[in-house]
file run_9.pdb (PDB, C-alpha atoms, pLDDT in the B column)
ATOM      1  CA  MET A   1     -57.067  59.902  14.171  1.00 49.00           C
ATOM      2  CA  LEU A   2     -54.842  58.877  11.254  1.00 43.00           C
ATOM      3  CA  LYS A   3     -56.441  61.582   9.062  1.00 48.00           C
ATOM      4  CA  LEU A   4     -55.634  64.196  11.696  1.00 40.00           C
ATOM      5  CA  VAL A   5     -51.979  63.105  11.831  1.00 38.00           C
ATOM      6  CA  VAL A   6     -51.676  63.170   8.012  1.00 37.00           C
ATOM      7  CA  ILE A   7     -53.233  66.641   7.843  1.00 38.00           C
ATOM      8  CA  ALA A   8     -50.911  67.899  10.594  1.00 36.00           C
ATOM      9  CA  VAL A   9     -47.855  66.532   8.782  1.00 35.00           C
ATOM     10  CA  VAL A  10     -48.906  68.034   5.416  1.00 35.00           C
ATOM     11  CA  VAL A  11     -49.680  71.419   6.995  1.00 34.00           C
ATOM     12  CA  GLY A  12     -46.410  71.321   8.938  1.00 36.00           C
ATOM     13  CA  ILE A  13     -44.401  70.585   5.807  1.00 33.00           C
ATOM     14  CA  SER A  14     -46.083  73.344   3.807  1.00 32.00           C
ATOM     15  CA  PHE A  15     -45.352  75.933   6.515  1.00 32.00           C
ATOM     16  CA  ALA A  16     -41.825  74.690   7.185  1.00 36.00           C
ATOM     17  CA  SER A  17     -40.697  74.818   3.542  1.00 31.00           C
ATOM     18  CA  PRO A  18     -39.179  78.219   2.785  1.00 33.00           C
ATOM     19  CA  ALA A  19     -40.273  79.973  -0.403  1.00 39.00           C
ATOM     20  CA  LYS A  20     -37.697  79.696  -3.180  1.00 37.00           C
ATOM     21  CA  SER A  21     -37.188  83.459  -3.290  1.00 44.00           C
ATOM     22  CA  ARG A  22     -36.328  83.486   0.439  1.00 55.00           C
ATOM     23  CA  VAL A  23     -33.605  80.887  -0.145  1.00 54.00           C
ATOM     24  CA  ASP A  24     -32.301  82.982  -3.053  1.00 67.00           C
ATOM     25  CA  GLU A  25     -32.266  86.114  -0.875  1.00 74.00           C
ATOM     26  CA  GLU A  26     -30.062  84.323   1.639  1.00 81.00           C
ATOM     27  CA  ASN A  27     -27.486  84.092  -1.174  1.00 90.00           C
ATOM     28  CA  CYS A  28     -27.290  87.895  -1.477  1.00 95.00           C
ATOM     29  CA  PRO A  29     -23.846  89.470  -1.078  1.00 94.00           C
ATOM     30  CA  PHE A  30     -22.830  90.095   2.537  1.00 92.00           C
ATOM     31  CA  ASN A  31     -23.756  93.809   2.700  1.00 94.00           C
ATOM     32  CA  ASP A  32     -27.022  93.465   0.750  1.00 96.00           C
ATOM     33  CA  GLU A  33     -30.552  93.174   2.095  1.00 96.00           C
ATOM     34  CA  GLY A  34     -32.691  90.510   0.411  1.00 96.00           C
ATOM     35  CA  PHE A  35     -36.341  91.063  -0.441  1.00 96.00           C
ATOM     36  CA  ASN A  36     -38.759  89.573  -2.953  1.00 93.00           C
ATOM     37  CA  GLY A  37     -36.097  87.778  -4.997  1.00 94.00           C
ATOM     38  CA  GLN A  38     -33.808  90.817  -5.183  1.00 96.00           C
ATOM     39  CA  CYS A  39     -30.671  91.933  -3.342  1.00 97.00           C
ATOM     40  CA  TYR A  40     -30.466  95.608  -2.366  1.00 97.00           C
ATOM     41  CA  TYR A  41     -27.300  97.504  -1.515  1.00 98.00           C
ATOM     42  CA  PHE A  42     -27.630 100.790   0.376  1.00 97.00           C
ATOM     43  CA  ASN A  43     -24.527 102.806  -0.514  1.00 96.00           C
ATOM     44  CA  ALA A  44     -23.585 105.301   2.213  1.00 95.00           C
ATOM     45  CA  ASN A  45     -21.126 107.230   0.023  1.00 96.00           C
ATOM     46  CA  SER A  46     -22.406 110.579  -1.252  1.00 98.00           C
ATOM     47  CA  MET A  47     -22.030 110.858  -5.027  1.00 98.00           C
ATOM     48  CA  ASN A  48     -23.687 112.521  -7.981  1.00 98.00           C
ATOM     49  CA  PHE A  49     -26.129 110.445 -10.034  1.00 98.00           C
ATOM     50  CA  GLU A  50     -23.671 109.255 -12.707  1.00 97.00           C
ATOM     51  CA  ASP A  51     -20.962 108.295 -10.196  1.00 98.00           C
ATOM     52  CA  ALA A  52     -23.530 106.449  -8.079  1.00 98.00           C
ATOM     53  CA  ASN A  53     -24.739 104.577 -11.172  1.00 96.00           C
ATOM     54  CA  THR A  54     -21.137 103.613 -11.979  1.00 97.00           C
ATOM     55  CA  ALA A  55     -20.642 102.439  -8.378  1.00 97.00           C
ATOM     56  CA  CYS A  56     -23.727 100.208  -8.645  1.00 97.00           C
ATOM     57  CA  LYS A  57     -22.439  98.681 -11.886  1.00 96.00           C
ATOM     58  CA  ALA A  58     -19.026  98.034 -10.287  1.00 97.00           C
ATOM     59  CA  LEU A  59     -20.861  95.834  -7.756  1.00 96.00           C
ATOM     60  CA  ASN A  60     -22.746  94.011 -10.556  1.00 96.00           C
ATOM     61  CA  HIS A  61     -25.898  95.842  -9.478  1.00 97.00           C
ATOM     62  CA  GLU A  62     -27.999  98.554 -11.105  1.00 96.00           C
ATOM     63  CA  PHE A  63     -29.916 101.470  -9.640  1.00 95.00           C
ATOM     64  CA  VAL A  64     -33.006 100.398  -7.744  1.00 97.00           C
ATOM     65  CA  THR A  65     -36.259 100.180  -9.705  1.00 96.00           C
ATOM     66  CA  ILE A  66     -39.385 100.695  -7.587  1.00 96.00           C
ATOM     67  CA  LEU A  67     -42.316  99.165  -9.438  1.00 93.00           C
ATOM     68  CA  GLY A  68     -44.812  98.717  -6.601  1.00 96.00           C
ATOM     69  CA  GLN A  69     -45.867  99.552  -3.062  1.00 97.00           C
ATOM     70  CA  LYS A  70     -44.199  96.515  -1.420  1.00 97.00           C
ATOM     71  CA  VAL A  71     -40.770  97.463  -2.761  1.00 96.00           C
ATOM     72  CA  GLN A  72     -41.467 101.129  -1.920  1.00 97.00           C
ATOM     73  CA  ASN A  73     -42.197 100.156   1.699  1.00 96.00           C
ATOM     74  CA  PHE A  74     -39.086  97.961   1.915  1.00 96.00           C
ATOM     75  CA  ILE A  75     -36.832 100.686   0.474  1.00 96.00           C
ATOM     76  CA  ASN A  76     -38.402 103.371   2.649  1.00 94.00           C
ATOM     77  CA  TYR A  77     -37.854 101.255   5.774  1.00 94.00           C
ATOM     78  CA  HIS A  78     -34.158 100.770   4.991  1.00 94.00           C
ATOM     79  CA  ALA A  79     -33.566 104.332   3.758  1.00 90.00           C
ATOM     80  CA  TYR A  80     -35.374 105.932   6.709  1.00 88.00           C
ATOM     81  CA  GLY A  81     -34.160 109.492   7.244  1.00 89.00           C
ATOM     82  CA  LEU A  82     -31.840 109.406   4.214  1.00 93.00           C
ATOM     83  CA  GLN A  83     -31.925 110.897   0.752  1.00 97.00           C
ATOM     84  CA  SER A  84     -30.832 108.298  -1.781  1.00 98.00           C
ATOM     85  CA  TRP A  85     -30.690 108.068  -5.566  1.00 98.00           C
ATOM     86  CA  ILE A  86     -33.192 105.787  -7.267  1.00 98.00           C
ATOM     87  CA  GLY A  87     -32.960 104.731 -10.902  1.00 96.00           C
ATOM     88  CA  ILE A  88     -35.660 106.881 -12.475  1.00 97.00           C
ATOM     89  CA  ARG A  89     -34.704 109.746 -14.821  1.00 96.00           C
ATOM     90  CA  LEU A  90     -36.420 112.443 -16.830  1.00 96.00           C
ATOM     91  CA  VAL A  91     -35.640 111.744 -20.510  1.00 93.00           C
ATOM     92  CA  ASN A  92     -37.196 113.882 -23.252  1.00 92.00           C
ATOM     93  CA  GLY A  93     -39.942 114.997 -20.866  1.00 94.00           C
ATOM     94  CA  ASP A  94     -40.811 111.482 -19.626  1.00 95.00           C
ATOM     95  CA  TRP A  95     -39.769 109.777 -16.401  1.00 97.00           C
ATOM     96  CA  GLN A  96     -38.413 106.287 -17.039  1.00 96.00           C
ATOM     97  CA  TRP A  97     -36.565 103.477 -15.323  1.00 95.00           C
ATOM     98  CA  ASN A  98     -33.583 101.778 -16.921  1.00 84.00           C
ATOM     99  CA  SER A  99     -33.945  98.183 -15.784  1.00 77.00           C
ATOM    100  CA  ASN A 100     -31.276  95.805 -17.117  1.00 73.00           C
ATOM    101  CA  GLY A 101     -30.883  98.031 -20.163  1.00 75.00           C
ATOM    102  CA  GLU A 102     -34.635  98.034 -20.813  1.00 80.00           C
ATOM    103  CA  ILE A 103     -36.478 101.363 -20.634  1.00 85.00           C
ATOM    104  CA  VAL A 104     -39.548 101.006 -18.421  1.00 88.00           C
ATOM    105  CA  LYS A 105     -42.200 103.692 -17.956  1.00 92.00           C
ATOM    106  CA  PRO A 106     -43.349 103.915 -14.341  1.00 93.00           C
ATOM    107  CA  THR A 107     -46.711 102.380 -13.490  1.00 93.00           C
ATOM    108  CA  PHE A 108     -46.189 103.126  -9.793  1.00 96.00           C
ATOM    109  CA  THR A 109     -44.898 106.453  -8.464  1.00 96.00           C
ATOM    110  CA  ASN A 110     -44.564 108.184  -5.114  1.00 97.00           C
ATOM    111  CA  TRP A 111     -43.805 111.759  -6.153  1.00 98.00           C
ATOM    112  CA  GLU A 112     -43.890 114.460  -3.509  1.00 95.00           C
ATOM    113  CA  ASN A 113     -47.399 115.956  -3.341  1.00 94.00           C
ATOM    114  CA  GLN A 114     -48.444 113.354  -5.977  1.00 94.00           C
ATOM    115  CA  LYS A 115     -47.265 115.821  -8.622  1.00 95.00           C
ATOM    116  CA  VAL A 116     -45.069 114.576 -11.487  1.00 96.00           C
ATOM    117  CA  PRO A 117     -42.063 116.946 -11.787  1.00 96.00           C
ATOM    118  CA  THR A 118     -41.303 118.474 -15.189  1.00 95.00           C
ATOM    119  CA  ASP A 119     -38.312 120.785 -14.570  1.00 96.00           C
ATOM    120  CA  PRO A 120     -35.544 119.619 -16.964  1.00 96.00           C
ATOM    121  CA  ALA A 121     -32.928 121.027 -14.548  1.00 97.00           C
ATOM    122  CA  LYS A 122     -34.080 118.367 -12.051  1.00 98.00           C
ATOM    123  CA  ALA A 123     -33.865 115.247 -14.223  1.00 98.00           C
ATOM    124  CA  CYS A 124     -32.858 112.712 -11.544  1.00 98.00           C
ATOM    125  CA  ALA A 125     -34.735 111.485  -8.497  1.00 98.00           C
ATOM    126  CA  ILE A 126     -34.169 110.541  -4.887  1.00 98.00           C
ATOM    127  CA  ILE A 127     -36.279 108.748  -2.350  1.00 97.00           C
ATOM    128  CA  ASP A 128     -36.511 111.075   0.632  1.00 97.00           C
ATOM    129  CA  GLY A 129     -36.532 108.941   3.753  1.00 92.00           C
ATOM    130  CA  SER A 130     -36.875 112.053   5.912  1.00 92.00           C
ATOM    131  CA  LYS A 131     -40.257 112.731   4.246  1.00 93.00           C
ATOM    132  CA  ASN A 132     -41.840 109.286   4.503  1.00 91.00           C
ATOM    133  CA  GLY A 133     -40.222 107.980   1.324  1.00 95.00           C
ATOM    134  CA  VAL A 134     -41.592 110.430  -1.216  1.00 97.00           C
ATOM    135  CA  TRP A 135     -39.692 110.768  -4.463  1.00 98.00           C
ATOM    136  CA  ARG A 136     -38.247 114.168  -5.298  1.00 98.00           C
ATOM    137  CA  ALA A 137     -36.753 115.411  -8.539  1.00 98.00           C
ATOM    138  CA  VAL A 138     -33.315 116.944  -8.017  1.00 98.00           C
ATOM    139  CA  SER A 139     -30.312 117.986 -10.067  1.00 98.00           C
ATOM    140  CA  CYS A 140     -28.241 115.011 -11.226  1.00 98.00           C
ATOM    141  CA  THR A 141     -25.140 116.788  -9.869  1.00 98.00           C
ATOM    142  CA  ASP A 142     -26.447 116.790  -6.278  1.00 98.00           C
ATOM    143  CA  MET A 143     -24.610 114.547  -3.829  1.00 98.00           C
ATOM    144  CA  ASN A 144     -26.689 111.741  -2.314  1.00 98.00           C
ATOM    145  CA  TRP A 145     -26.449 108.196  -1.082  1.00 98.00           C
ATOM    146  CA  SER A 146     -27.724 105.549  -3.488  1.00 98.00           C
ATOM    147  CA  ILE A 147     -29.628 102.288  -3.616  1.00 98.00           C
ATOM    148  CA  CYS A 148     -28.559  99.486  -5.941  1.00 98.00           C
ATOM    149  CA  GLN A 149     -30.224  96.164  -6.716  1.00 97.00           C
ATOM    150  CA  MET A 150     -29.563  92.847  -8.414  1.00 96.00           C
ATOM    151  CA  ALA A 151     -31.495  89.624  -8.823  1.00 95.00           C
ATOM    152  CA  ALA A 152     -30.857  87.285  -5.909  1.00 94.00           C
ATOM    153  CA  PRO A 153     -28.438  84.508  -6.929  1.00 90.00           C
ATOM    154  CA  GLN A 154     -29.964  81.040  -7.392  1.00 83.00           C
TER     155      GLN A 154
END
call {"tool": "encode", "arguments": {"input": "run_9.pdb", "output": "structure tokens"}}
result
Amino acid sequence: MLKLVVIAVVVGISFASPAKSRVDEENCPFNDEGFNGQCYYFNANSMNFEDANTACKALNHEFVTILGQKVQNFINYHAYGLQSWIGIRLVNGDWQWNSNGEIVKPTFTNWENQKVPTDPAKACAIIDGSKNGVWRAVSCTDMNWSICQMAAPQ
């Protein structure tokens, strides 16, 4: 009987203790959504790519970087029906993320029709929430909403 009580207490404690990243996410700024140790801000102001990037930086965020399916699903859920800038750009013929000043080549993509765009006139990208979250290459001067992210505060 004592073993059963000890096991129940240990199991109860392990399930009751929140993961550290969840605690961090609760420290996200008021208008941000926390997920996986990051804070995401969904900016409802239509701007071109450069202005949206500047707006993210003014909030101490950067453009969102989508490096895997879990983040893709989270972003798609929150951007449902909307077209929003993401932080990937076509530079010298290659798509790349700028994450904290570090250039990162994508290992995960969600391009429309699974086809990597190559048109230099469409060197910026949006996530298209009206098309199940596919990424589309568009002109950097187009006006779209944007998604910013920052590491969740400790």
call {"tool": "atom_distance", "arguments": {"input": "run_9.pdb", "atom1": "atom CA of A:His61", "atom2": "atom CA of A:Gln38"}}
result
10.3 Å
call {"tool": "residues_around", "arguments": {"input": "run_9.pdb", "residues": "A:Gln69", "least_positions_apart": "6", "cutoff": "10 Å", "atoms": "all atoms listed in the file", "output": "PDB file with C-alpha atoms, in the coordinates of the input"}}
result
ATOM      1  CA  ILE A  75     -36.832 100.686   0.474  1.00 96.00           C
ATOM      2  CA  PHE A 108     -46.189 103.126  -9.793  1.00 96.00           C
ATOM      3  CA  THR A 109     -44.898 106.453  -8.464  1.00 96.00           C
ATOM      4  CA  ASN A 110     -44.564 108.184  -5.114  1.00 97.00           C
TER       5      ASN A 110
END
call {"tool": "residues_near_point", "arguments": {"input": "run_9.pdb", "point": "(-37.3, 101.7, 3.9)", "cutoff": "12 Å", "atoms": "only C-alpha atoms", "output": "number ranges by chain"}}
result
A: 33, 35, 40, 42, 66, 69-84, 127-134, 147
call {"tool": "closest_residue", "arguments": {"input": "run_9.pdb", "among": "A:Val64, A:Val104, A:Cys39, A:Cys140", "to": "A:Asp51", "atoms": "only C-alpha atoms"}}
result
A:Cys140
call {"tool": "residues_around", "arguments": {"input": "run_9.pdb", "residues": "A:Glu102", "least_positions_apart": "4", "cutoff": "12 Å", "atoms": "all atoms listed in the file", "output": "JSON, numbers by chain"}}
result
{"A": [62, 65, 96, 97, 98]}
call {"tool": "atom_distance", "arguments": {"input": "run_9.pdb", "atom1": "atom CA of A:Gln154", "atom2": "atom CA of A:Gly34"}}
result
12.6 Å
call {"tool": "residues_near_point", "arguments": {"input": "run_9.pdb", "point": "(-31.5, 83.7, -5.3)", "cutoff": "6 Å", "atoms": "only C-alpha atoms", "output": "ChimeraX atom specification"}}
result
/A:24-25,27,152-154
call {"tool": "resolve_selection", "arguments": {"input": "run_9.pdb", "expression": "the PyMOL selection byres ((chain A and resi 55) around 12)", "output": "ChimeraX atom specification"}}
result
/A:41-54,56-63,85,145-149
call {"tool": "atom_distance", "arguments": {"input": "run_9.pdb", "atom1": "atom CA of A:Leu90", "atom2": "atom CA of A:Pro117"}}
result
8.8 Å
call {"tool": "closest_residue", "arguments": {"input": "run_9.pdb", "among": "A:Gly68, A:Val116, A:Ala137, A:Asn100", "to": "A:Ala151", "atoms": "all atoms listed in the file"}}
result
A:Asn100
call {"tool": "resolve_selection", "arguments": {"input": "run_9.pdb", "expression": "the PyMOL selection byres ((chain A and resi 94) around 12)", "output": "PyMOL selection string"}}
result
chain A and resi 88-93+95-97+103-106+116-120+123-124
